[in-house]
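As provided, protein.pdb (PDB, C-alpha atoms and all ligand atoms) reads as follows.
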```
ATOM      1  CA  MET U   1      96.114  74.182 115.580
ATOM      2  CA  LEU U   2      98.126  76.033 118.139
ATOM      3  CA  HIS U   3      95.173  77.180 120.210
ATOM      4  CA  ARG U   4      91.421  76.809 120.106
ATOM      5  CA  GLU U   5      88.843  78.450 122.326
ATOM      6  CA  ALA U   6      85.214  79.500 122.624
ATOM      7  CA  VAL U   7      84.493  82.853 124.263
ATOM      8  CA  GLY U   8      80.760  83.275 124.668
ATOM      9  CA  ARG U   9      79.317  82.846 121.156
ATOM     10  CA  VAL U  10      82.671  83.409 119.448
ATOM     11  CA  GLU U  11      84.967  80.578 118.459
ATOM     12  CA  LEU U  12      88.580  81.379 117.711
ATOM     13  CA  ALA U  13      91.741  79.539 116.764
ATOM     14  CA  PHE U  14      95.390  80.264 116.100
ATOM     15  CA  THR U  15      97.251  78.102 113.610
ATOM     16  CA  ASP U  16     100.931  77.219 113.348
ATOM     17  CA  ARG U  17     102.854  75.477 110.530
ATOM     18  CA  GLU U  18     101.406  72.027 111.172
ATOM     19  CA  GLY U  19      98.519  70.244 109.496
ATOM     20  CA  GLY U  20      98.621  71.495 105.898
ATOM     21  CA  LEU U  21      99.528  70.234 102.434
ATOM     22  CA  SER U  22     102.212  72.666 101.270
ATOM     23  CA  GLU U  23     105.802  71.595 100.767
ATOM     24  CA  GLY U  24     109.252  73.165 100.968
ATOM     25  CA  PRO U  25     109.509  76.529 102.712
ATOM     26  CA  TRP U  26     105.699  76.614 102.875
ATOM     27  CA  SER U  27     105.443  73.301 104.693
ATOM     28  CA  SER U  28     102.842  72.714 105.637
ATOM     29  CA  LEU U  29      99.811  74.839 106.641
ATOM     30  CA  ASN U  30     100.695  77.913 104.573
ATOM     31  CA  LEU U  31      97.746  80.315 104.378
ATOM     32  CA  GLY U  32      99.554  82.951 102.281
ATOM     33  CA  THR U  33      98.507  83.442  98.663
ATOM     34  CA  SER U  34     101.251  85.740  97.353
ATOM     35  CA  ASN U  35     104.453  84.094  98.523
ATOM     36  CA  GLY U  36     105.274  81.681  95.685
ATOM     37  CA  ASP U  37     103.388  78.661  97.005
ATOM     38  CA  ASP U  38     101.102  76.610  94.719
ATOM     39  CA  ALA U  39      97.763  78.481  94.614
ATOM     40  CA  GLU U  40      95.673  75.300  94.503
ATOM     41  CA  VAL U  41      97.418  73.816  97.504
ATOM     42  CA  VAL U  42      96.932  77.058  99.457
ATOM     43  CA  GLN U  43      93.216  76.932  98.642
ATOM     44  CA  ARG U  44      93.113  73.426 100.089
ATOM     45  CA  ASN U  45      94.930  74.656 103.216
ATOM     46  CA  LEU U  46      92.409  77.488 103.581
ATOM     47  CA  ALA U  47      89.548  75.019 103.097
ATOM     48  CA  ARG U  48      91.054  72.820 105.793
ATOM     49  CA  VAL U  49      91.079  75.728 108.274
ATOM     50  CA  ALA U  50      87.498  76.645 107.328
ATOM     51  CA  GLU U  51      86.401  73.062 107.832
ATOM     52  CA  GLU U  52      88.187  72.749 111.142
ATOM     53  CA  ILE U  53      86.497  75.833 112.577
ATOM     54  CA  GLY U  54      83.232  74.848 110.895
ATOM     55  CA  VAL U  55      82.478  77.669 108.437
ATOM     56  CA  ASP U  56      81.431  77.640 104.773
ATOM     57  CA  ARG U  57      82.788  81.130 104.186
ATOM     58  CA  LEU U  58      86.212  82.255 105.386
ATOM     59  CA  VAL U  59      86.882  85.934 104.594
ATOM     60  CA  ARG U  60      90.488  87.057 104.342
ATOM     61  CA  MET U  61      92.142  90.438 103.778
ATOM     62  CA  THR U  62      94.835  91.849 101.562
ATOM     63  CA  GLN U  63      96.870  93.230 104.439
ATOM     64  CA  VAL U  64      98.694  96.470 103.675
ATOM     65  CA  HIS U  65     100.151  97.611 107.026
ATOM     66  CA  GLY U  66      97.504 100.313 107.297
ATOM     67  CA  ALA U  67      94.826 101.285 109.802
ATOM     68  CA  ASP U  68      91.721 100.466 107.748
ATOM     69  CA  VAL U  69      89.011  98.408 109.413
ATOM     70  CA  VAL U  70      86.343  96.524 107.425
ATOM     71  CA  TRP U  71      83.084  94.981 108.657
ATOM     72  CA  VAL U  72      82.435  91.650 107.015
ATOM     73  CA  ASP U  73      78.828  92.619 106.178
ATOM     74  CA  GLU U  74      80.334  95.205 103.797
ATOM     75  CA  VAL U  75      82.396  92.542 101.997
ATOM     76  CA  ALA U  76      80.842  90.986  98.887
ATOM     77  CA  GLU U  77      80.961  87.213  98.392
ATOM     78  CA  GLY U  78      84.410  86.361  97.053
ATOM     79  CA  GLU U  79      85.809  89.848  97.683
ATOM     80  CA  ILE U  80      89.137  90.212  99.483
ATOM     81  CA  PRO U  81      89.166  93.699 101.053
ATOM     82  CA  ARG U  82      92.335  95.744 101.519
ATOM     83  CA  ALA U  83      92.437  96.170 105.279
ATOM     84  CA  ASP U  84      94.322  95.156 108.400
ATOM     85  CA  ALA U  85      91.317  94.461 110.607
ATOM     86  CA  LEU U  86      88.217  92.464 109.768
ATOM     87  CA  LEU U  87      85.223  92.680 112.111
ATOM     88  CA  SER U  88      81.978  90.748 112.344
ATOM     89  CA  ASP U  89      78.688  90.489 114.175
ATOM     90  CA  GLN U  90      77.362  88.085 111.511
ATOM     91  CA  PRO U  91      76.917  84.499 112.681
ATOM     92  CA  GLY U  92      78.672  81.854 110.629
ATOM     93  CA  VAL U  93      81.186  83.966 108.708
ATOM     94  CA  GLY U  94      84.822  83.110 109.428
ATOM     95  CA  LEU U  95      87.456  85.856 109.652
ATOM     96  CA  LEU U  96      91.105  85.200 108.843
ATOM     97  CA  VAL U  97      94.270  87.167 109.604
ATOM     98  CA  ARG U  98      97.638  85.980 108.256
ATOM     99  CA  VAL U  99     101.104  86.700 109.621
ATOM    100  CA  ALA U 100     104.776  85.837 109.519
ATOM    101  CA  ASP U 101     106.463  87.866 112.336
ATOM    102  CA  CYS U 102     103.714  90.522 112.667
ATOM    103  CA  VAL U 103     101.234  90.230 115.542
ATOM    104  CA  PRO U 104      97.921  88.383 115.006
ATOM    105  CA  ILE U 105      95.187  89.614 117.341
ATOM    106  CA  VAL U 106      91.649  88.354 117.910
ATOM    107  CA  LEU U 107      89.161  90.709 119.581
ATOM    108  CA  VAL U 108      86.029  89.243 121.149
ATOM    109  CA  ASP U 109      82.971  90.678 122.842
ATOM    110  CA  ARG U 110      81.714  87.979 125.167
ATOM    111  CA  ASP U 111      78.233  89.468 125.644
ATOM    112  CA  LYS U 112      77.469  91.064 122.269
ATOM    113  CA  ALA U 113      78.721  88.224 120.036
ATOM    114  CA  MET U 114      81.163  90.284 118.013
ATOM    115  CA  ALA U 115      84.613  89.349 116.824
ATOM    116  CA  GLY U 116      87.540  90.887 115.000
ATOM    117  CA  VAL U 117      90.891  89.784 113.648
ATOM    118  CA  VAL U 118      93.762  92.254 113.365
ATOM    119  CA  HIS U 119      97.160  92.287 111.653
ATOM    120  CA  CYS U 120      99.677  94.555 113.388
ATOM    121  CA  GLY U 121     103.326  95.029 112.542
ATOM    122  CA  ARG U 122     105.602  97.981 113.172
ATOM    123  CA  GLU U 123     103.604 100.257 110.861
ATOM    124  CA  GLY U 124     100.251  99.129 112.216
ATOM    125  CA  LEU U 125     101.445  99.863 115.720
ATOM    126  CA  VAL U 126     102.395 103.412 114.736
ATOM    127  CA  LYS U 127      99.221 103.952 112.669
ATOM    128  CA  GLY U 128      97.023 102.512 115.414
ATOM    129  CA  ILE U 129      95.236  99.585 113.771
ATOM    130  CA  VAL U 130      94.432  98.015 117.162
ATOM    131  CA  PRO U 131      92.834 101.211 118.585
ATOM    132  CA  ALA U 132      90.940 101.631 115.280
ATOM    133  CA  ALA U 133      89.515  98.096 115.485
ATOM    134  CA  VAL U 134      88.550  98.506 119.154
ATOM    135  CA  ALA U 135      86.863 101.855 118.398
ATOM    136  CA  ALA U 136      84.873 100.371 115.497
ATOM    137  CA  LEU U 137      83.644  97.448 117.620
ATOM    138  CA  ARG U 138      82.661  99.780 120.462
ATOM    139  CA  GLN U 139      80.867 102.070 118.029
ATOM    140  CA  ARG U 140      78.672  99.121 117.056
ATOM    141  CA  GLY U 141      77.930  98.364 120.695
ATOM    142  CA  ALA U 142      80.787  96.260 122.084
ATOM    143  CA  GLU U 143      81.097  96.784 125.831
ATOM    144  CA  SER U 144      83.033  93.788 127.105
ATOM    145  CA  LEU U 145      85.901  93.362 124.665
ATOM    146  CA  GLU U 146      88.816  91.104 125.351
ATOM    147  CA  ALA U 147      91.825  90.188 123.224
ATOM    148  CA  ARG U 148      93.933  87.163 122.363
ATOM    149  CA  VAL U 149      97.396  88.077 121.115
ATOM    150  CA  GLY U 150      99.316  85.483 119.128
ATOM    151  CA  PRO U 151     102.938  84.503 118.399
ATOM    152  CA  ARG U 152     105.170  87.059 116.633
ATOM    153  CA  ALA U 153     108.770  88.184 116.340
ATOM    154  CA  CYS U 154     110.103  88.952 119.797
ATOM    155  CA  GLY U 155     111.731  92.177 120.915
ATOM    156  CA  ARG U 156     115.121  90.477 121.334
ATOM    157  CA  CYS U 157     115.234  89.542 117.619
ATOM    158  CA  TYR U 158     113.369  92.265 115.710
ATOM    159  CA  GLU U 159     116.294  94.524 114.873
ATOM    160  CA  LEU U 160     115.689  97.878 113.180
ATOM    161  CA  PRO U 161     117.785 100.897 112.224
ATOM    162  CA  VAL U 162     117.988 103.200 115.245
ATOM    163  CA  GLU U 163     115.902 105.948 113.576
ATOM    164  CA  MET U 164     113.030 103.523 112.946
ATOM    165  CA  ALA U 165     113.193 101.961 116.404
ATOM    166  CA  ASP U 166     113.238 105.417 118.014
ATOM    167  CA  ALA U 167     110.311 106.605 115.879
ATOM    168  CA  VAL U 168     108.219 103.680 117.139
ATOM    169  CA  GLY U 169     109.398 104.263 120.707
ATOM    170  CA  ALA U 170     108.415 107.945 120.540
ATOM    171  CA  LEU U 171     104.786 106.924 119.920
ATOM    172  CA  VAL U 172     104.615 103.646 121.861
ATOM    173  CA  PRO U 173     107.423 103.679 124.454
ATOM    174  CA  GLU U 174     106.666 100.106 125.611
ATOM    175  CA  ALA U 175     107.626  98.814 122.166
ATOM    176  CA  ARG U 176     111.209 100.158 122.127
ATOM    177  CA  SER U 177     113.624  97.352 122.854
ATOM    178  CA  THR U 178     117.140  96.033 122.303
ATOM    179  CA  THR U 179     118.229  92.863 120.520
ATOM    180  CA  SER U 180     119.994  90.100 122.414
ATOM    181  CA  TRP U 181     123.171  91.316 120.640
ATOM    182  CA  GLY U 182     122.708  94.883 121.882
ATOM    183  CA  THR U 183     121.334  96.763 118.857
ATOM    184  CA  PRO U 184     118.115  98.834 118.484
ATOM    185  CA  ALA U 185     114.936  96.807 118.202
ATOM    186  CA  VAL U 186     111.174  96.928 118.492
ATOM    187  CA  ASP U 187     108.872  94.628 120.433
ATOM    188  CA  VAL U 188     105.622  95.012 118.490
ATOM    189  CA  GLY U 189     103.823  92.560 120.772
ATOM    190  CA  ALA U 190     104.688  94.619 123.864
ATOM    191  CA  GLY U 191     103.406  97.674 122.012
ATOM    192  CA  VAL U 192     100.108  95.982 121.120
ATOM    193  CA  LEU U 193      99.639  94.818 124.718
ATOM    194  CA  ALA U 194     100.305  98.390 125.923
ATOM    195  CA  GLN U 195      97.750  99.808 123.479
ATOM    196  CA  LEU U 196      95.154  97.259 124.627
ATOM    197  CA  ARG U 197      95.877  98.120 128.275
ATOM    198  CA  THR U 198      95.374 101.837 127.535
ATOM    199  CA  LEU U 199      92.088 101.012 125.788
ATOM    200  CA  GLY U 200      90.892  98.992 128.773
ATOM    201  CA  VAL U 201      90.778  95.715 126.828
ATOM    202  CA  PRO U 202      92.021  92.743 128.871
ATOM    203  CA  ALA U 203      94.417  90.606 126.834
ATOM    204  CA  THR U 204      95.612  87.034 127.015
ATOM    205  CA  ASP U 205      99.045  86.721 125.447
ATOM    206  CA  LEU U 206      99.190  83.365 123.674
ATOM    207  CA  GLY U 207     102.565  84.350 122.238
ATOM    208  CA  ALA U 208     104.277  85.091 125.559
ATOM    209  CA  GLY U 209     107.764  83.601 125.484
ATOM    210  CA  GLU U 210     107.355  82.590 121.835
ATOM    211  CA  CYS U 211     109.216  84.022 118.855
ATOM    212  CA  THR U 212     108.439  83.339 115.203
ATOM    213  CA  ILE U 213     112.006  84.131 114.140
ATOM    214  CA  GLU U 214     113.526  81.694 116.640
ATOM    215  CA  ASP U 215     110.987  78.867 116.491
ATOM    216  CA  GLU U 216     110.504  76.795 113.316
ATOM    217  CA  ARG U 217     107.051  75.845 114.519
ATOM    218  CA  TYR U 218     106.001  79.148 112.902
ATOM    219  CA  PHE U 219     106.556  80.833 109.555
ATOM    220  CA  SER U 220     108.881  83.842 109.725
ATOM    221  CA  TYR U 221     109.563  86.458 107.077
ATOM    222  CA  ARG U 222     112.787  87.463 108.794
ATOM    223  CA  ARG U 223     114.046  83.863 108.975
ATOM    224  CA  GLN U 224     112.695  82.537 105.647
ATOM    225  CA  GLY U 225     112.539  85.628 103.437
ATOM    226  CA  GLN U 226     110.218  86.150 100.444
ATOM    227  CA  ASN U 227     109.197  82.499 100.366
ATOM    228  CA  SER U 228     108.024  82.322 103.943
ATOM    229  CA  GLY U 229     104.584  80.870 104.527
ATOM    230  CA  ARG U 230     101.873  82.502 106.617
ATOM    231  CA  PHE U 231     100.125  81.196 109.681
ATOM    232  CA  GLY U 232      97.255  83.006 111.310
ATOM    233  CA  ALA U 233      94.175  83.282 113.417
ATOM    234  CA  VAL U 234      90.479  82.745 112.692
ATOM    235  CA  ALA U 235      87.332  83.796 114.501
ATOM    236  CA  VAL U 236      83.634  83.181 113.943
ATOM    237  CA  VAL U 237      80.483  84.372 115.679
ATOM    238  CA  ARG U 238      78.012  81.541 116.320
TER
HETATM  239 ZN    ZN U 301     113.108  86.232 119.134
END
```

Could you express the structure from this file as structure tokens?
Ligand SMILES: [Zn+2]
Amino acid sequence: MLHREAVGRVELAFTDREGGLSEGPWSSLNLGTSNGDDAEVVQRNLARVAEEIGVDRLVRMTQVHGADVVWVDEVAEGEIPRADALLSDQPGVGLLVRVADCVPIVLVDRDKAMAGVVHCGREGLVKGIVPAAVAALRQRGAESLEARVGPRACGRCYELPVEMADAVGALVPEARSTTSWGTPAVDVGAGVLAQLRTLGVPATDLGAGECTIEDERYFSYRRQGQNSGRFGAVAVVR
């Protein structure tokens, strides 16, 4: 585990590559189920994460780079909803978000015992998945939200064609950046932090100074390609 914390009645954790059973490019704690890794081994990795955070049920999403938010009480047992944010005020149900270069975010309400996990890449930043998740939590009564933002591709590495980088920058100026070699880029993490600031949600950046593309401690789609594993973040209301 990269990071583990309790915030009020919410427990949360961020994983990295270490501590799993997968081999090769997925070595070792791969949580991805559609990247070529052995399905049985991935299930054992997921079970390991569930056990470590102490939940019987760990709900994950089919992440589609959209802005759809799902409450876990609307998810049937065994169902894997198509969404990019999973929210809960149900004690004992674990929430999982999986990434390889995109930004993993955990939202917590210290007083109301609510939690959310969010997947945000370039498209999610533009479509506003973080504001959508914050709005949904507040609609259900959250008043003291705070965020933990995890490791992701940094703005000095995440190169994009100039049209795409400019399109992101037009909507979220803080996210427009330049690679270390001088070409157009996007810093999705900076964009997420700016959106949280605008929403009045204090954030702790656990990925500050980190970069999934540069650091082999993490899985990275840009570095490893189709076969990259997925690390992630989990949260549970107690
Ligand atoms: Zn980087």

query = Quick one: distance from CA of Val75 in chain U to CA of Met114 in chain U in Å, one decimal?
reply = 16.2 Å

request  = Report as an MDAnalysis selection string the full result of the PyMOL selection byres (((chain U and resi 23-34) around 10) and not hetatm) when it is applied to this structure.
outcome  = chainID U and resid 1 15:22 35:49 60 62 96:100 218:219 224:232

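What separates CA of Leu2 in chain U from CA of Thr212 in chain U is a distance of 13.0 Å.
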
Please tabulate, as CSV, the residues of chain U that come within 10 Å of ligand ZN 301 (chain U), each with its closest pair of atoms and the distance in Å to one decimal, counting only C-alpha atoms and all ligand atoms and ordering rows by chain, then residue number upward.
```
residue,atom,partner,partner_atom,distance
U:Asp101,CA,U:ZN301,ZN,9.6
U:Arg152,CA,U:ZN301,ZN,8.4
U:Ala153,CA,U:ZN301,ZN,5.5
U:Cys154,CA,U:ZN301,ZN,4.1
U:Gly155,CA,U:ZN301,ZN,6.4
U:Arg156,CA,U:ZN301,ZN,5.2
U:Cys157,CA,U:ZN301,ZN,4.2
U:Tyr158,CA,U:ZN301,ZN,6.9
U:Glu159,CA,U:ZN301,ZN,9.9
U:Thr179,CA,U:ZN301,ZN,8.5
U:Ser180,CA,U:ZN301,ZN,8.6
U:Asp187,CA,U:ZN301,ZN,9.5
U:Gly209,CA,U:ZN301,ZN,8.7
U:Glu210,CA,U:ZN301,ZN,7.3
U:Cys211,CA,U:ZN301,ZN,4.5
U:Thr212,CA,U:ZN301,ZN,6.8
U:Ile213,CA,U:ZN301,ZN,5.5
U:Glu214,CA,U:ZN301,ZN,5.2
U:Asp215,CA,U:ZN301,ZN,8.1
```

Can those selected residues be exported to a file as a compact mmCIF listing (two decimals), in the coordinates of the input so that it contains C-alpha atoms?
```
# COMPACT_ATOMS: atom_id res chain seq x y z
CA ASP U 101 106.46 87.87 112.34
CA ARG U 152 105.17 87.06 116.63
CA ALA U 153 108.77 88.18 116.34
CA CYS U 154 110.10 88.95 119.80
CA GLY U 155 111.73 92.18 120.92
CA ARG U 156 115.12 90.48 121.33
CA CYS U 157 115.23 89.54 117.62
CA TYR U 158 113.37 92.26 115.71
CA GLU U 159 116.29 94.52 114.87
CA THR U 179 118.23 92.86 120.52
CA SER U 180 119.99 90.10 122.41
CA ASP U 187 108.87 94.63 120.43
CA GLY U 209 107.76 83.60 125.48
CA GLU U 210 107.36 82.59 121.84
CA CYS U 211 109.22 84.02 118.86
CA THR U 212 108.44 83.34 115.20
CA ILE U 213 112.01 84.13 114.14
CA GLU U 214 113.53 81.69 116.64
CA ASP U 215 110.99 78.87 116.49
```

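If you measure from each of U:Arg9, U:Lys112, U:His119, U:His3 to Gln63 in chain U using only C-alpha atoms, the closest one turns out to be U:His119.
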
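Picked by the PyMOL selection byres (((chain U and resi 5) around 12) and not hetatm) from the coordinates shown: Met1, Leu2, His3, Arg4, Ala6, Val7, Gly8, Arg9, Val10, Glu11, Leu12, Ala13, Phe14, Ile53, Val106, Val108, Arg148, Thr204, Leu206, Ala233, Val234, Ala235 and Val236 of chain U.
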
Axis-aligned box over every listed atom of range 13-29 of chain U, padded by 3 Å per side: centre and edges in Å to one decimal, as JSON?
```
{"center_x": 100.6, "center_y": 75.2, "center_z": 108.8, "size_x": 23.8, "size_y": 16.0, "size_z": 22.0}
```

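For Leu145 in chain U, the list of residues within 9 Å, based on all atoms listed in the file and with local chain neighbours fewer than 5 positions off taken out, reads Leu107, Val108, Asp109, Arg110, Asp111, Met114, Ala115, Val134, Leu137, Arg138, Gly200, Val201 and Pro202 of chain U.
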
task = Rank nothing, just name the residue among U:Gly116, U:Pro131, U:Gly169, U:Pro104 nearest to Gly207 in chain U, using only C-alpha atoms.
result = U:Pro104

query = Evaluating the PyMOL selection byres (((chain U and resi 120) around 6) and not hetatm) on the displayed file yields which residues, as a PyMOL selection string?
reply = chain U and resi 102-103+119+121+124

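The interatomic distance for the pair CA of Glu143 in chain U and CA of Glu174 in chain U works out to 25.8 Å.
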
task = In the coordinates of the file, take the point (90.7, 99.7, 107.1) and a cut-off of 12 Å; then, counting only C-alpha atoms, name each qualifying protein, DNA or RNA residue as a PyMOL selection string.
result = chain U and resi 61-72+74+81-87+117-119+124+127-133+136

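When all atoms listed in the file are used to compute distances to Thr198 in chain U, the closest of the residues U:Val162, U:Val172, U:Val237, U:Leu95 turns out to be U:Val172.
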
inquiry  = When you look at Leu160 in chain U with a cut-off of 10 Å (counting only C-alpha atoms), what residues show up, excluding the ones that are within fewer than 6 positions of it in the same chain? I need them as number ranges by chain.
reply    = U: 166, 177-179, 183-186

Restricted to C-alpha atoms, what would the selected residues look like written as a compact mmCIF listing (two decimals), keeping the file's coordinate frame?
```txt
# COMPACT_ATOMS: atom_id res chain seq x y z
CA ASP U 166 113.24 105.42 118.01
CA SER U 177 113.62 97.35 122.85
CA THR U 178 117.14 96.03 122.30
CA THR U 179 118.23 92.86 120.52
CA THR U 183 121.33 96.76 118.86
CA PRO U 184 118.12 98.83 118.48
CA ALA U 185 114.94 96.81 118.20
CA VAL U 186 111.17 96.93 118.49
```

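Restricting the calculation to only C-alpha atoms, the smallest distance between Ala170 in chain U and any of U:Asp205, U:Ala147, U:Val126, U:Leu199 is found for U:Val126.
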
Reconstruct N, CA and C atoms of range 114-134 of chain U from the incomplete input and present them as an mmCIF file, in the frame of the given file.
```
data_model
loop_
_atom_site.group_PDB
_atom_site.id
_atom_site.type_symbol
_atom_site.label_atom_id
_atom_site.label_comp_id
_atom_site.auth_asym_id
_atom_site.auth_seq_id
_atom_site.Cartn_x
_atom_site.Cartn_y
_atom_site.Cartn_z
ATOM 1 N N MET U 114 80.430 89.598 119.078
ATOM 2 C CA MET U 114 81.163 90.284 118.013
ATOM 3 C C MET U 114 82.595 89.775 118.051
ATOM 4 N N ALA U 115 83.227 89.795 116.878
ATOM 5 C CA ALA U 115 84.613 89.349 116.824
ATOM 6 C C ALA U 115 85.378 90.178 115.804
ATOM 7 N N GLY U 116 86.679 90.224 115.970
ATOM 8 C CA GLY U 116 87.540 90.887 115.000
ATOM 9 C C GLY U 116 88.880 90.192 114.940
ATOM 10 N N VAL U 117 89.506 90.245 113.764
ATOM 11 C CA VAL U 117 90.891 89.784 113.648
ATOM 12 C C VAL U 117 91.715 90.961 113.135
ATOM 13 N N VAL U 118 92.930 91.085 113.667
ATOM 14 C CA VAL U 118 93.762 92.254 113.365
ATOM 15 C C VAL U 118 95.183 91.815 113.040
ATOM 16 N N HIS U 119 95.766 92.486 112.035
ATOM 17 C CA HIS U 119 97.160 92.287 111.653
ATOM 18 C C HIS U 119 97.926 93.536 112.064
ATOM 19 N N CYS U 120 98.938 93.380 112.927
ATOM 20 C CA CYS U 120 99.677 94.555 113.388
ATOM 21 C C CYS U 120 101.174 94.305 113.391
ATOM 22 N N GLY U 121 101.870 95.014 112.517
ATOM 23 C CA GLY U 121 103.326 95.029 112.542
ATOM 24 C C GLY U 121 103.800 96.382 113.033
ATOM 25 N N ARG U 122 105.046 96.705 112.720
ATOM 26 C CA ARG U 122 105.602 97.981 113.172
ATOM 27 C C ARG U 122 104.762 99.162 112.685
ATOM 28 N N GLU U 123 104.375 99.129 111.403
ATOM 29 C CA GLU U 123 103.604 100.257 110.861
ATOM 30 C C GLU U 123 102.204 100.327 111.452
ATOM 31 N N GLY U 124 101.591 99.166 111.636
ATOM 32 C CA GLY U 124 100.251 99.129 112.216
ATOM 33 C C GLY U 124 100.238 99.640 113.649
ATOM 34 N N LEU U 125 101.326 99.375 114.340
ATOM 35 C CA LEU U 125 101.445 99.863 115.720
ATOM 36 C C LEU U 125 101.466 101.390 115.732
ATOM 37 N N VAL U 126 102.266 101.957 114.822
ATOM 38 C CA VAL U 126 102.395 103.412 114.736
ATOM 39 C C VAL U 126 101.094 104.050 114.238
ATOM 40 N N LYS U 127 100.453 103.391 113.245
ATOM 41 C CA LYS U 127 99.221 103.952 112.669
ATOM 42 C C LYS U 127 97.994 103.682 113.536
ATOM 43 N N GLY U 128 98.114 102.745 114.478
ATOM 44 C CA GLY U 128 97.023 102.512 115.414
ATOM 45 C C GLY U 128 95.920 101.611 114.909
ATOM 46 N N ILE U 129 96.273 100.500 114.247
ATOM 47 C CA ILE U 129 95.236 99.585 113.771
ATOM 48 C C ILE U 129 94.460 98.938 114.925
ATOM 49 N N VAL U 130 95.141 98.640 116.026
ATOM 50 C CA VAL U 130 94.432 98.015 117.162
ATOM 51 C C VAL U 130 93.426 99.003 117.776
ATOM 52 N N PRO U 131 93.831 100.252 118.096
ATOM 53 C CA PRO U 131 92.834 101.211 118.585
ATOM 54 C C PRO U 131 91.697 101.436 117.586
ATOM 55 N N ALA U 132 91.992 101.427 116.296
ATOM 56 C CA ALA U 132 90.940 101.631 115.280
ATOM 57 C C ALA U 132 89.927 100.487 115.313
ATOM 58 N N ALA U 133 90.419 99.256 115.448
ATOM 59 C CA ALA U 133 89.515 98.096 115.485
ATOM 60 C C ALA U 133 88.664 98.110 116.756
ATOM 61 N N VAL U 134 89.292 98.444 117.882
ATOM 62 C CA VAL U 134 88.550 98.506 119.154
ATOM 63 C C VAL U 134 87.479 99.590 119.074
#
```
